[in-house]
$ cat data-v4.txt   # compact mmCIF, C-alpha atoms
# COMPACT_ATOMS: atom_id res chain seq x y z
CA MET A 122 115.91 40.46 40.09
CA PRO A 123 117.41 43.70 41.42
CA PRO A 124 114.96 46.54 42.14
CA THR A 125 114.23 48.96 39.33
CA ASP A 126 114.47 52.73 39.58
CA GLU A 127 110.66 52.90 39.58
CA GLU A 128 110.47 50.45 42.49
CA ARG A 129 113.05 52.45 44.42
CA GLU A 130 111.01 55.61 43.88
CA GLN A 131 107.79 53.92 44.98
CA SER A 132 109.54 52.54 48.06
CA ALA A 133 110.86 56.00 48.97
CA ASN A 134 107.40 57.56 48.49
CA LEU A 135 105.78 54.92 50.66
CA ALA A 136 108.37 55.40 53.40
CA ASP A 137 107.75 59.16 53.31
CA VAL A 138 103.96 58.94 53.67
CA LEU A 139 104.26 56.37 56.47
CA ARG A 140 106.68 58.66 58.29
CA LEU A 141 104.35 61.64 57.87
CA TRP A 142 101.36 59.62 59.12
CA HIS A 143 103.31 58.67 62.25
CA ARG A 144 104.46 62.23 62.99
CA PHE A 145 103.33 63.51 66.38
CA ASP A 146 101.66 66.54 64.77
CA ALA A 147 99.99 64.69 61.87
CA ASP A 148 96.28 65.25 61.22
CA PRO A 149 94.56 62.67 63.48
CA GLU A 150 91.90 61.97 60.85
CA VAL A 151 94.17 61.54 57.84
CA THR A 152 93.71 58.12 56.25
CA HIS A 153 96.46 55.59 56.79
CA PRO A 154 98.47 55.05 53.58
CA PHE A 155 97.41 51.40 53.38
CA ASP A 156 93.72 52.36 53.55
CA ARG A 157 93.79 54.94 50.76
CA ALA A 158 92.15 54.36 47.40
CA GLU A 159 95.42 55.23 45.68
CA GLN A 160 98.12 53.67 47.80
CA PRO A 161 101.64 55.05 47.52
CA GLY A 162 103.90 52.23 46.40
CA CYS A 163 100.88 50.11 45.49
CA ASP A 164 102.93 47.89 43.17
CA LEU A 165 105.11 46.89 46.13
CA ILE A 166 102.23 46.05 48.51
CA CYS A 167 100.48 42.70 48.69
CA MET A 168 97.25 42.97 50.67
CA ASP A 169 95.72 39.61 49.71
CA VAL A 170 98.38 37.21 50.95
CA ALA A 171 95.86 34.35 51.20
CA SER A 172 95.75 34.06 47.39
CA SER A 173 99.55 34.00 47.07
CA PRO A 174 101.68 30.86 47.41
CA PHE A 175 103.44 30.41 50.73
CA GLU A 176 106.91 31.89 50.93
CA PRO A 177 109.29 31.16 53.81
CA TRP A 178 110.85 34.12 55.57
CA GLU A 179 114.23 33.21 54.07
CA SER A 180 112.94 34.01 50.58
CA PHE A 181 112.42 37.66 51.53
CA ARG A 182 116.11 38.36 50.98
CA THR A 183 116.38 41.33 48.59
CA ASN A 184 119.21 42.55 46.40
CA ILE A 185 119.55 46.28 47.06
CA ARG A 186 122.22 47.00 44.48
CA SER A 187 121.69 48.14 40.92
CA ASP A 188 121.99 45.89 37.91
CA GLY A 189 125.64 45.52 36.96
CA ASP A 190 126.90 45.89 40.52
CA GLY A 191 127.81 42.98 42.74
CA PRO A 192 124.69 41.74 44.60
CA LEU A 193 124.14 42.77 48.18
CA TYR A 194 121.32 40.92 49.87
CA VAL A 195 119.56 42.13 53.01
CA PRO A 196 117.07 40.06 55.03
CA ASP A 197 114.88 42.94 56.26
CA ALA A 198 113.84 44.72 53.06
CA VAL A 199 110.30 43.33 53.30
CA ASP A 200 108.06 44.71 56.06
CA THR A 201 105.02 42.81 57.27
CA TYR A 202 102.03 44.41 58.99
CA TYR A 203 99.32 42.71 61.03
CA HIS A 204 96.15 43.80 62.76
CA ASP A 205 95.91 42.98 66.45
CA TRP A 206 92.77 40.91 65.87
CA GLN A 207 94.56 38.56 63.49
CA VAL A 208 96.30 36.92 66.43
CA LEU A 209 92.87 35.49 67.27
CA LEU A 210 92.91 33.61 63.96
CA VAL A 211 96.34 32.24 64.83
CA ALA A 212 94.93 30.97 68.13
CA ASP A 213 92.18 29.15 66.24
CA ALA A 214 94.65 27.77 63.68
CA LEU A 215 96.79 26.34 66.47
CA ASP A 216 93.69 24.69 67.92
CA MET A 217 92.88 22.82 64.69
CA GLY A 218 93.58 19.20 63.82
CA THR A 219 93.71 16.02 65.85
CA ARG A 220 95.50 15.64 69.15
CA VAL A 221 96.94 12.30 70.20
CA ILE A 222 96.82 11.70 73.94
CA PHE A 223 99.02 9.08 75.60
CA ASP A 224 101.16 8.67 78.71
CA THR A 225 104.40 10.48 77.85
CA ARG A 226 105.99 9.18 81.04
CA ARG A 227 106.38 5.77 79.44
CA PRO A 228 109.67 5.73 77.50
CA GLU A 229 108.59 2.87 75.21
CA LEU A 230 105.57 4.93 74.08
CA MET A 231 107.69 8.06 73.58
CA LYS A 232 110.08 6.03 71.42
CA LEU A 233 107.22 4.83 69.24
CA ALA A 234 105.73 8.33 68.98
CA LEU A 235 109.03 9.92 67.97
CA HIS A 236 109.57 7.30 65.27
CA ASP A 237 106.02 7.21 63.88
CA ILE A 238 103.09 8.24 66.03
CA ARG A 239 100.87 5.86 64.08
CA ASP A 240 102.75 2.97 65.71
CA LEU A 241 101.16 3.70 69.09
CA PRO A 242 98.79 0.86 70.07
CA ASP A 243 95.12 1.74 70.03
CA ASP A 244 94.66 0.73 73.66
CA VAL A 245 97.17 3.30 75.00
CA ALA A 246 96.49 6.31 72.76
CA TRP A 247 93.37 8.36 72.20
CA GLN A 248 92.53 10.94 69.56
CA GLN A 249 90.85 14.25 70.26
CA VAL A 250 89.47 16.19 67.30
CA SER A 251 88.93 19.95 67.69
CA PHE A 252 85.98 21.52 65.90
CA GLN A 253 86.52 24.92 67.54
CA GLY A 254 89.48 25.97 65.38
CA PRO A 255 87.88 25.60 61.92
CA ARG A 256 84.68 27.29 63.09
CA GLY A 257 86.62 30.13 64.69
CA LEU A 258 88.69 30.70 61.55
CA ALA A 259 85.65 30.76 59.27
CA GLN A 260 83.73 33.14 61.50
CA GLY A 261 86.73 35.37 62.13
CA LEU A 262 87.33 35.85 58.42
CA GLN A 263 83.63 36.57 57.92
CA TRP A 264 83.90 39.57 60.27
CA ALA A 265 87.32 40.77 59.06
CA THR A 266 85.99 44.07 57.68
CA TYR A 267 84.27 44.84 60.99
CA PHE A 268 87.43 44.09 62.96
CA ASP A 269 89.30 46.44 60.62
CA ALA A 270 86.64 49.14 60.96
CA SER A 271 86.70 49.17 64.77
CA ALA A 272 90.53 49.23 64.76
CA ARG A 273 90.55 52.17 62.34
CA VAL A 274 88.01 54.11 64.41
CA GLU A 275 89.95 53.47 67.62
CA SER A 276 93.17 54.66 65.98
CA ILE A 277 91.57 57.97 65.00
CA ARG A 278 90.03 58.41 68.45
CA ALA A 279 93.40 57.85 70.13
CA ARG A 280 95.25 60.13 67.70
CA LYS A 281 92.65 62.87 68.19
CA PHE A 282 92.91 62.62 71.97
CA ASN A 283 96.70 62.87 71.77
CA ALA A 284 96.41 65.93 69.54
CA ILE A 285 94.14 67.62 72.09
CA ALA A 286 96.40 66.58 74.98
CA ARG A 287 99.47 68.17 73.37
CA ALA A 288 97.98 71.60 74.02
CA TYR A 289 98.22 70.93 77.78
CA GLY A 290 101.90 69.99 77.73
CA SER A 291 103.09 67.69 80.51
CA ALA A 292 100.65 68.96 83.13
CA SER A 293 97.70 66.84 84.26
CA PHE A 294 94.41 68.07 82.81
CA THR A 295 90.69 67.48 82.45
CA LEU A 296 89.11 67.86 79.05
CA THR A 297 86.97 70.96 78.71
CA GLY A 298 83.50 70.75 77.28
CA ALA A 299 84.77 72.09 73.95
CA ASP A 300 87.60 69.55 73.88
CA GLN A 301 85.20 66.71 74.63
CA ASP A 302 82.83 67.86 71.89
CA ASP A 303 85.75 68.05 69.46
CA LEU A 304 86.87 64.52 70.40
CA ASN A 305 83.34 63.12 70.15
CA ALA A 306 82.79 64.75 66.76
CA ALA A 307 86.00 63.26 65.36
CA HIS A 308 85.10 59.88 66.84
CA LYS A 309 81.65 59.96 65.26
CA ARG A 310 83.00 61.02 61.85
CA ALA A 311 85.44 58.11 61.95
CA ALA A 312 82.72 55.62 62.94
CA ASP A 313 80.32 56.92 60.29
CA GLU A 314 82.95 56.67 57.56
CA ALA A 315 84.26 53.26 58.60
CA LEU A 316 80.84 51.63 58.81
CA ALA A 317 79.59 53.29 55.63
CA ALA A 318 82.68 52.06 53.77
CA ILE A 319 81.79 48.41 54.49
CA GLY A 320 78.03 48.89 54.01
CA ALA A 321 77.28 47.89 57.59
CA SER A 322 73.66 47.55 58.66
CA PRO A 323 72.33 47.68 62.25
CA THR A 324 71.51 43.97 62.02
CA GLU A 325 75.05 43.07 60.96
CA ILE A 326 76.60 45.32 63.61
CA ARG A 327 74.53 43.63 66.29
CA ALA A 328 75.55 40.22 64.92
CA PHE A 329 79.21 41.27 65.09
CA LEU A 330 78.90 42.33 68.72
CA THR A 331 77.07 39.10 69.52
CA TYR A 332 79.81 37.09 67.79
CA LEU A 333 82.52 38.80 69.86
CA CYS A 334 80.65 38.14 73.10
CA GLU A 335 80.12 34.48 72.19
CA ARG A 336 83.79 34.00 71.35
CA TRP A 337 84.84 35.70 74.61
CA ASP A 338 82.51 33.39 76.53
CA ASP A 339 83.77 30.35 74.60
CA TRP A 340 87.49 30.98 75.30
CA THR A 341 86.72 31.90 78.91
CA GLY A 342 84.90 28.61 79.40
CA ARG A 343 87.88 26.72 77.97
CA GLY A 344 90.22 28.39 80.48
CA ARG A 345 92.17 30.33 77.85
CA GLN A 346 92.23 33.65 79.65
CA GLU A 347 94.81 35.41 77.44
CA ILE A 348 92.74 34.87 74.29
CA ALA A 349 89.51 35.69 76.14
CA ALA A 350 91.08 38.97 77.29
CA GLU A 351 91.83 39.97 73.70
CA TYR A 352 88.24 39.24 72.71
CA LYS A 353 87.12 41.38 75.64
CA ARG A 354 89.31 44.21 74.32
CA GLN A 355 87.81 43.78 70.86
CA ILE A 356 84.32 43.99 72.38
CA ALA A 357 85.28 47.35 73.92
CA LEU A 358 86.59 48.68 70.59
CA ALA A 359 83.48 47.58 68.71
CA ALA A 360 81.14 48.95 71.37
CA ARG A 361 82.90 52.33 71.36
CA MET A 362 82.57 52.45 67.59
CA VAL A 363 78.84 51.71 67.77
CA ILE A 364 78.31 54.25 70.56
CA ALA A 365 80.07 56.91 68.50
CA TRP A 366 78.13 55.93 65.39
CA ARG A 367 74.70 56.08 67.03
CA GLY A 368 75.47 58.74 69.62
CA GLY A 369 72.60 59.24 72.06
CA ALA A 370 70.08 57.58 69.73
CA ILE A 371 71.25 53.98 69.80
CA ASN A 372 67.76 52.73 70.57
CA ALA A 373 66.26 54.43 67.48
CA ASN A 374 67.09 51.70 64.97
CA GLY A 375 64.16 49.40 65.17
CA GLY A 376 65.00 47.56 68.38
CA ASN A 377 68.38 46.11 67.36
CA PHE A 378 70.05 47.73 70.37
CA GLY A 379 68.94 48.66 73.82
CA PRO A 380 69.37 52.19 75.12
CA LEU A 381 72.71 53.93 75.51
CA ARG A 382 73.62 54.26 79.17
CA ARG A 383 76.48 55.90 80.99
CA SER A 384 78.43 54.35 83.80
CA PRO A 385 78.12 56.40 87.00
CA GLN A 386 81.81 55.76 87.76
CA THR A 387 83.26 56.66 84.33
CA SER A 388 82.38 58.60 81.23
CA GLU A 389 82.32 55.40 79.16
CA GLY A 390 79.04 54.39 77.58
CA TYR A 391 77.86 50.82 77.19
CA LEU A 392 75.29 49.05 75.03
CA LYS A 393 72.66 46.59 76.05
CA LEU A 394 71.77 44.19 73.23
CA ALA A 395 68.02 43.83 72.95

$ encode --input "data-v4.txt" --output "structure tokens"
Amino acid sequence: MPPTDEEREQSANLADVLRLWHRFDADPEVTHPFDRAEQPGCDLICMDVASSPFEPWESFRTNIRSDGDGPLYVPDAVDTYYHDWQVLLVADALDMGTRVIFDTRRPELMKLALHDIRDLPDDVAWQQVSFQGPRGLAQGLQWATYFDASARVESIRARKFNAIARAYGSASFTLTGADQDDLNAAHKRAADEALAAIGASPTEIRAFLTYLCERWDDWTGRGRQEIAAEYKRQIALAARMVIAWRGGAINANGGNFGPLRRSPQTSEGYLKLA
């Protein structure tokens, strides 16, 4: 079906608000269009793709001409957006299933495997079942709202810093006390709003941080350094969000966290889980 006039208008409105959000002088704390209660172009956006039937990329071809005109199909009319943390789910998905291990140097075995891998004799092939993938997927989806919250808070922190930095032009600079207070205040507002929106409790936040550390340790132990590095980055984002949320009183929540400390080498804070 060709797009209707209403769909064209919604598409134009959505493109406008996305462009304004990405402007260099946009308000750092303005909510991303996809996170707003009333999303521009909401009828064109599918947020819950898991409940929709699978569609191959080829089916995203879209007729951009009006009804009555000859069709003109374009392959790039549908935009897809992903969070950085979702690549971790892909890593777990690729680690699922059963692996068949055999000597691929033997041409007679390769011939059997390429025809039907079930034809490999039992005495030359072994099966390895991975339980890490399913567990990782289930746990990752459980903490999806927390991943989203820390990403949203980090985005606002970075946008606020860039807004402050613009006042200094291209010269190197050190944040003044007032600038640092302004940045910290924006960071705390973002953390407060993000965690309140998902109804986060101190116990759940601690469990999320523990989960990230366990997954980092798990992938590190399996020698998968690239995936472990992304978990390490996610730990930093989550920790910064918690530090901003609790400020200098992180240890005032009933023992769920240890005290907030500052590194002597940097201005970064770090948490010690109790």

$ closest_residue --input "data-v4.txt" --among "A:Arg343, A:Arg129, A:Arg144, A:Arg361" --to "Gln253 (chain A)" --atoms "all atoms listed in the file"
A:Arg343

$ atom_distance --input "data-v4.txt" --atom1 "CA of Gln346 (chain A)" --atom2 "CA of Val170 (chain A)"
29.6 Å

$ closest_residue --input "data-v4.txt" --among "A:Arg280, A:His236, A:Lys309, A:Arg336" --to "Gln260 (chain A)" --atoms "only C-alpha atoms"
A:Arg336

$ residues_around --input "data-v4.txt" --residues "Asp244 (chain A)" --least-positions-apart "5" --cutoff "12 Å" --atoms "all atoms listed in the file" --output "NGL selection string"
:A and (222-224 or 230)

$ residues_around --input "data-v4.txt" --residues "Gln248 (chain A)" --least-positions-apart "4" --cutoff "8 Å" --atoms "all atoms listed in the file" --output "VMD selection string"
chain A and resid 219 to 222

$ axis_aligned_box --input "data-v4.txt" --around "region 338-343 of chain A" --padding-each-side "4 Å" --output "lines of an AutoDock Vina configuration file"
center_x = 85.2
center_y = 30.1
center_z = 77.0
size_x = 13.4
size_y = 14.7
size_z = 12.8

$ atom_distance --input "data-v4.txt" --atom1 "CA of Lys281 (chain A)" --atom2 "CA of His308 (chain A)"
8.2 Å
